[in-house]
Each structure stands twice: as structure tokens, then as C-alpha cells.
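Presented below is the structure to which this report refers.
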Amino acid sequence: SSIAAILPAAGSGRRFGSHENKLFALLAGEPIWFHAARTLANQPEIGRIVLAVSEHDRTAFEDRFAPWVKQLSIECVLGGKQRTDSVLAGLDCVSGDKSIEMVAIHDAARPLVRAADLSAVFQRAYQTGAALLATPVAGTLKRQINAGDDSLTVDRRELWVALTPQVFHLDLLQRAYQRYRGRPATDDAELVERMGHPVALVHGGADNIKITHPEDLLVAEAILACQKP
Ligand code: CTP
Ligand code: MG
């Protein structure tokens, strides 16, 4: 049985500041969203790829991006106002498919995820039912409890930055979403943690960055140039 990749792509990219969805910007000549979709499509565990797109962008995926969508047999679904709504639309799309055991939720805005990290997080999720990629916090962290308080140093040795993909048994994530519908969480793993189900942490590359601001695209170009021999 296989894994369905769900890629939330239905944001607007407000912080990126382009006139259209940041995911349409080109990275090494291809749209940002296409990179992760292709890396996922090349994984033997992946059985389906579902892309959540906004109403606003739907025609772009039907026309302008049609050859890319077709090449990877991507299924497009209508995303929602919040990222969680978009993930839910993807879950609804694969629910009832008996061939799908797990779902891998991956930000379309993380184009640089490596195949080796995918294999590692998939393997762990098969063992435990829930796993996410994460990378150690690199900077020194300070805590300020109230505005104006003196700084306190946080011990970063036990702190990790959550990345994607986050991979779960399909029915586990569905139950988490049913139970916590309407209660915001910053990632999918948090919803599963709230149910009391452990989520395994898999050490992934720090170069699996999310394109958020315009300068992130320049960094991504540089990382890609290093990755290629
Ligand atoms: N996303 C989504 N549906 C939403 C909001 C976000 O599918 N309603 C997707 C984005 O397209 C992106 C991923 O979730 O691939 C991570 O979100 P983020 O980096 O915040 O992208 P945007 O929301 O588009 O950017 P911004 O917050 O700057 O507007
Ligand atoms: Mg956002």
C-alpha cells in the first residue's frame, strides 16, 4: 500500500510580494511548486499527488501549467482560506482510497526537499504511524516573557525547527482533523500530538527551506546550484 502526497499550494504568497502566487515564480527555469511535486513523484512509495490550489489560481493550473500537471499525473483540488482547509481538501480527495495507507503533507513552497530525506521520513512513518522532518535550531534563542523584560537564554540543544513533509497514517490524520476542526495549529503534527499520539522526529537537511520572502528564492537558486554536481 502506498503514500498519497498532499501539497498545499493554495496560498497567495503575500509576504513574497509578487503580483501572482509566489509558487509560480521560476526556480532553475521551472515553477517553484513543480520542484517538490517532481521529487515526490520520483519516490517509489508515492501513489498519488494531490495539489490544493486556490479558486483564483485554478485556471492557471488548468491552462498555463497543464503540461506540468499532466506529466506528473497531479490531481488538483480546491484549497481553502487557511492552510489547514487546504490540507483537509486533500485529505477528502484521498479518503476512501483503499490503496492509500499514509499521507505525506508537504508545502509546495519547499522545493528543495531531498529524496534521501523523503525515504527516511517515510520509513519512520511506516514504523510509527506519524513522523516529520525537522532540523536543529541553528541560532541562539532568547526569551522575553513581557515586553521590556531582560533577555533569557533558551537552551537550544533540545529545540528543532519543523519542516515538511509530515507523514501520517491516513486515518490518524483524518481523526486529528475531525477532532480539532476550527482550532488553529501551526502544523499538522501538532494536531496529531494533541490526540496524544507520538510523532517521530526525523533529522532532515536544513536546506529544505520554505520560500517565504523574495530573498529565499535567491538562496534556493544557490542551494540548487550546490546540489547539482
Ligand atoms: N497554503 C495553502 N492554503 C492556504 C494558505 C497556504 O495551501 N490557505 C500553502 C501555501 O501555498 C504554501 C504552504 O501552504 O505552499 C505554506 O504557506 P506559506 O508559506 O505561508 O504561503 P502563503 O500563505 O502563500 O504565503 P503568505 O503567508 O506570505 O501569504
Ligand atoms: Mg501563509
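Naming scheme: A, B, ... for chains in displayed order of the C-alpha cells; residues 1 onward per chain; ligands 1 onward as shown.
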
Let me see if you get this right: every residue at most 9 Å from ligand 2, counting only C-alpha atoms and all ligand atoms, written as a list in words.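 The residues near ligand 2 are Gly11, Ser12, Gly13, Arg14, Arg15, Gln82, Arg83 and Thr212 of chain A.
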
Distance limit 8 Å, reference ligand 1, atoms considered: only C-alpha atoms and all ligand atoms. Which residues make the cut? Give them as a ChimeraX atom specification. /A:7-17,21-23,33,52-54,79-87,106-110,210-213

Considering only C-alpha atoms, return as a PyMOL selection string whatever protein or nucleic-acid residues lie within 10 Å of Tyr177 (chain A), sequence-local ones (same chain, fewer than 3 positions apart) excluded. chain A and resi 84-85+87-88+91+171-174+180-183+188+191-192

Would you mind writing down, as JSON, numbers by chain, each residue of region 77-219 of chain A that DSSP on the backbone assigns to strand (DSSP E)? {"A": [77, 78, 100, 101, 102, 103, 104, 105, 130, 131, 132, 133, 134, 135, 136, 141, 142, 143, 152, 153, 154, 160, 161, 162, 163, 164, 165, 166, 167, 168, 169, 200, 201, 202, 203]}

Let me see the file: selected residues, C-alpha atoms, as an mmCIF file, in the first residue's frame.
```
data_model
loop_
_atom_site.group_PDB
_atom_site.id
_atom_site.type_symbol
_atom_site.label_atom_id
_atom_site.label_comp_id
_atom_site.auth_asym_id
_atom_site.auth_seq_id
_atom_site.Cartn_x
_atom_site.Cartn_y
_atom_site.Cartn_z
ATOM 1 C CA VAL A 77 -8.359 20.107 -5.592
ATOM 2 C CA LEU A 78 -9.768 23.389 -4.386
ATOM 3 C CA ILE A 100 -3.529 4.611 0.293
ATOM 4 C CA GLU A 101 -2.158 3.819 3.746
ATOM 5 C CA MET A 102 -0.296 7.034 4.529
ATOM 6 C CA VAL A 103 -0.391 10.706 3.605
ATOM 7 C CA ALA A 104 2.649 12.970 3.280
ATOM 8 C CA ILE A 105 1.779 16.634 3.747
ATOM 9 C CA ALA A 130 3.460 9.585 12.348
ATOM 10 C CA ALA A 131 6.767 11.295 11.557
ATOM 11 C CA LEU A 132 8.035 14.685 10.471
ATOM 12 C CA LEU A 133 11.271 16.117 9.126
ATOM 13 C CA ALA A 134 12.931 18.644 11.411
ATOM 14 C CA THR A 135 16.300 20.345 11.652
ATOM 15 C CA PRO A 136 18.198 21.513 14.747
ATOM 16 C CA LEU A 141 17.486 31.839 21.228
ATOM 17 C CA LYS A 142 16.387 34.471 23.702
ATOM 18 C CA ARG A 143 13.132 34.566 25.623
ATOM 19 C CA LEU A 152 16.796 34.970 28.995
ATOM 20 C CA THR A 153 18.786 32.430 27.017
ATOM 21 C CA VAL A 154 16.937 29.294 25.931
ATOM 22 C CA TRP A 160 14.155 21.662 16.403
ATOM 23 C CA VAL A 161 12.608 23.574 13.520
ATOM 24 C CA ALA A 162 9.679 21.665 11.979
ATOM 25 C CA LEU A 163 9.889 21.090 8.218
ATOM 26 C CA THR A 164 7.762 19.135 5.783
ATOM 27 C CA PRO A 165 6.868 16.516 4.743
ATOM 28 C CA GLN A 166 4.934 15.416 7.776
ATOM 29 C CA VAL A 167 3.736 11.867 7.231
ATOM 30 C CA PHE A 168 0.829 10.101 8.935
ATOM 31 C CA HIS A 169 -1.430 7.112 8.677
ATOM 32 C CA ALA A 200 8.601 10.759 15.475
ATOM 33 C CA LEU A 201 11.167 13.394 14.616
ATOM 34 C CA VAL A 202 13.477 12.651 11.684
ATOM 35 C CA HIS A 203 16.619 14.742 11.196
#
```

Using only C-alpha atoms, which of A:Leu224, A:Glu75, A:Ala206, A:Leu170 sits nearest Asp97 (chain A)?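 Closest to Asp97 (chain A), using only C-alpha atoms: A:Leu170.
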
For Gln227 (chain A), which of A:Arg175, A:Arg64, A:Arg114, A:Lys70 is the closest residue, counting only C-alpha atoms?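 The shortest atom-to-atom distance to Gln227 (chain A) comes from A:Arg114.
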
If you run DSSP over the backbone, which residues in region 85-221 of chain A end up alpha helix (DSSP H)? Put them as a PyMOL selection string. chain A and resi 85-94+115-128+170-179+188-194+214-221

Go ahead and write the residues just picked, C-alpha atoms, as a compact mmCIF listing (two decimals), in the first residue's frame.
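Dumped everything to out.txt:
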```txt
# COMPACT_ATOMS: atom_id res chain seq x y z
CA ASP A 85 -8.50 23.96 4.99
CA SER A 86 -6.29 23.17 2.02
CA VAL A 87 -4.84 20.07 3.71
CA LEU A 88 -8.37 18.96 4.58
CA ALA A 89 -9.41 19.28 0.92
CA GLY A 90 -6.51 16.99 0.01
CA LEU A 91 -7.48 14.50 2.71
CA ASP A 92 -11.07 14.44 1.47
CA CYS A 93 -9.78 13.73 -2.02
CA VAL A 94 -7.89 10.57 -0.99
CA ALA A 115 14.96 12.13 -1.91
CA ALA A 116 17.07 10.72 0.94
CA ASP A 117 15.10 12.77 3.50
CA LEU A 118 11.83 11.61 1.94
CA SER A 119 12.89 7.97 2.20
CA ALA A 120 13.92 8.45 5.83
CA VAL A 121 10.70 10.13 6.97
CA PHE A 122 8.54 7.66 5.01
CA GLN A 123 10.30 4.71 6.61
CA ARG A 124 9.87 6.12 10.09
CA ALA A 125 6.18 6.86 9.48
CA TYR A 126 5.61 3.29 8.31
CA GLN A 127 7.10 2.14 11.65
CA THR A 128 5.37 4.61 13.98
CA LEU A 170 -4.37 8.41 6.65
CA ASP A 171 -6.99 7.55 9.26
CA LEU A 172 -4.88 9.04 12.08
CA LEU A 173 -4.64 12.43 10.37
CA GLN A 174 -8.31 12.29 9.40
CA ARG A 175 -9.27 11.69 13.04
CA ALA A 176 -6.98 14.53 14.17
CA TYR A 177 -8.59 16.90 11.68
CA GLN A 178 -12.14 15.86 12.69
CA ARG A 179 -11.37 16.37 16.33
CA ASP A 188 -0.26 19.01 11.05
CA ALA A 189 1.94 17.27 13.60
CA GLU A 190 0.54 19.48 16.35
CA LEU A 191 -2.98 18.17 15.71
CA VAL A 192 -1.75 14.59 15.99
CA GLU A 193 0.27 15.39 19.14
CA ARG A 194 -2.91 16.85 20.69
CA PRO A 214 11.84 37.20 -2.21
CA GLU A 215 15.41 36.65 -0.98
CA ASP A 216 14.57 33.00 -0.23
CA LEU A 217 14.37 32.39 -3.98
CA LEU A 218 17.96 33.61 -4.40
CA VAL A 219 19.07 31.30 -1.59
CA ALA A 220 17.18 28.41 -3.22
CA GLU A 221 18.93 29.04 -6.56
```

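CA of Ile223 (chain A) to CA of Leu112 (chain A) spans 8.1 Å [interatomic distance, one decimal].
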
What is the CA of Leu159 (chain A)-CA of Thr39 (chain A) distance in Å, reported with one decimal? 27.7 Å

Surrounding residues of Ser99 (chain A) excluding itself and chain neighbours under 3 positions, 12 Å, only C-alpha atoms, as a ChimeraX atom specification: /A:1-4,45-48,94-96,102-103,170

For the selection just defined, write its residues with C-alpha atoms to a file, as a compact mmCIF listing (two decimals), in the first residue's frame.
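Output contents, as saved in again-v5.txt:
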```txt
# COMPACT_ATOMS: atom_id res chain seq x y z
CA SER A 1 0.00 0.00 0.00
CA SER A 2 1.21 3.45 -0.78
CA ILE A 3 1.50 7.07 0.24
CA ALA A 4 -0.52 9.99 -1.12
CA GLU A 45 6.28 4.91 -2.15
CA ILE A 46 4.16 7.68 -3.66
CA GLY A 47 0.92 6.52 -5.29
CA ARG A 48 -0.94 9.82 -5.77
CA VAL A 94 -7.89 10.57 -0.99
CA SER A 95 -10.26 9.33 1.73
CA GLY A 96 -11.86 6.04 0.77
CA MET A 102 -0.30 7.03 4.53
CA VAL A 103 -0.39 10.71 3.61
CA LEU A 170 -4.37 8.41 6.65
```
